[in-house]
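Chemist: Mind looking over this structure? Questions follow.
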Amino acid sequence: MADDGPRRDAALVALDWGTTTFRAWLLDDTGSVLDSVRTADGALTISGRSDSARVRALAFEEAFRRLCLTWLDEHPGVPVLCAGMAGSNHGWADAGYLDVPADLVELAEHLTVVPAGESVVHLVPGLRVDRPDPDVLRGEEVQLVGALAEVADGPATVVLPGTHSKWVRLDGTRVTGFTTAMTGELYGLLMRDSILARLATGEPGTAVTEAFTRGLDAEDARGEERGLAALLFTARPLALAGRLDPSEIADYVSGLLVGSEVRHMLRGTPAGVVALCGPPATEHRYRFALERGGASVRTVGEDAAARGLWGIALDAGLAVRPPTTSATTPPSNPARKDQPA
């Protein structure tokens, strides 16, 4: 929320419009956060109300104005930059993709402009691997820009846990490839619609519990031989035999899934720093699993998307960094550098 200090001018409205969550930040001319909004108005909810591209665009425009109305009224003409599923083919407008390998600096050169009443919204393109094994990401590209601004030693790999986890390979600011794992979605389906859900009790946790570690151990010891599908079923007989408490099932299953993802992905991960960029709900477990696997982990803050959007706005000329002098103190949370070191 807004601070109580002296009023600062807004320089950018930064939107991360995901599948299930809408996040927005009002940024000043140093890229610092003046105010923020987070709601469940994800792109899936907004697009589900419409049956044509025109109606869908109007629905996104109405949601944007409703969620950011105060900012737009107080700061007329403020630039707006948006990443995420709002730029998909079932979103506000199709912002397309950049084909990998691609330099993240190029994102600013391929923005899609959409009108929104008295505002103009710029949509960031996603990234696409167009090879025999194709892959896509949308929204994570701005988190990558933000991660590079925060991790000084230039990670060769960035891991972005989520519904669809992304493992991104980097050479400086150049994305050379990435792989997606449906770990989060599989976990949700299993704990909502499978036979395991009938046995499980309690709320899923985020801490590294004994049951989570037990799942990691089981996958590490028997995953290669038995496979993930067979190991997942072991939660049922273990619970029936009284060797796994119903309250531990969710954490055990999480350990199996995260363990399988991390073990397989680390095989193709180059040595060096792995930047972990995700919400607190997943950070601790992924960090534990990565470090168990021998990775050197640097954690990136949850607001990497806001920093990345600010960096892209600077590259695109939508925002201008104020001039600095020797007497000026640098901002405490600077955006990405304009040129790579």
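Identifiers in this document derive from the order of the structure tokens: chains are assigned A, B, ..., residues are numbered from 1 separately in each chain, and ligands are numbered from 1 in order of occurrence.
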Please identify which residues in region 50-281 of chain A DSSP calls alpha helix (DSSP H) from the backbone, and express them as a count of residues only.

Modeler: 99

Chemist: Step one, run DSSP on the backbone; step two, keep only residues of region 44-87 of chain A assigned to strand (DSSP E); then write them as a list in words.

Modeler: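 Here are the strand (DSSP E) residues of region 44-87 of chain A: Val80, Leu81, Cys82, Ala83 and Gly84 of chain A.
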
Chemist: As an exercise, work out the distance from CA of Glu219 (chain A) to CA of Ala295 (chain A) in Å and give it to one decimal place.

Modeler: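 The value is 17.8 Å.
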
Chemist: Need to verify the contact set: Ala200 (chain A), 8 Å, only C-alpha atoms, exclusion of same-chain residues closer than 6 positions in sequence. Can you return it as a CSV table (one decimal) with N, CA, C and O atoms, in the first residue's frame?

Modeler:
```
chain,number,residue,atom,x,y,z
A,191,MET,N,-4.5,-33.3,-5.4
A,191,MET,CA,-5.0,-33.0,-4.1
A,191,MET,C,-6.5,-32.6,-4.1
A,191,MET,O,-7.1,-32.3,-3.1
A,246,PRO,N,-3.0,-39.0,7.6
A,246,PRO,CA,-3.7,-38.2,6.5
A,246,PRO,C,-3.3,-36.8,6.4
A,246,PRO,O,-3.3,-36.2,5.3
A,247,SER,N,-2.9,-36.2,7.5
A,247,SER,CA,-2.5,-34.8,7.5
A,247,SER,C,-1.1,-34.6,6.8
A,247,SER,O,-0.7,-33.4,6.5
A,248,GLU,N,-0.4,-35.7,6.6
A,248,GLU,CA,0.9,-35.6,6.0
A,248,GLU,C,0.9,-35.9,4.5
A,248,GLU,O,1.9,-35.8,3.8
A,249,ILE,N,-0.2,-36.4,4.0
A,249,ILE,CA,-0.3,-36.8,2.6
A,249,ILE,C,0.1,-35.7,1.6
A,249,ILE,O,0.8,-35.9,0.7
A,250,ALA,N,-0.5,-34.5,1.8
A,250,ALA,CA,-0.2,-33.4,0.9
A,250,ALA,C,1.3,-33.1,0.8
A,250,ALA,O,1.8,-32.9,-0.3
```

Chemist: For CA of Cys277 (chain A) and CA of Val208 (chain A), quote the distance in Å rounded to one decimal.

Modeler: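 CA of Val208 (chain A) lies 17.6 Å from CA of Cys277 (chain A).
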
Chemist: Would you list the contacts of Pro125 (chain A) as a PyMOL selection string, taking every protein, DNA or RNA residue within 7 Å and counting only C-alpha atoms, but skipping same-chain residues closer than 6 positions in sequence?

Modeler: chain A and resi 87+95-98+107+110-111
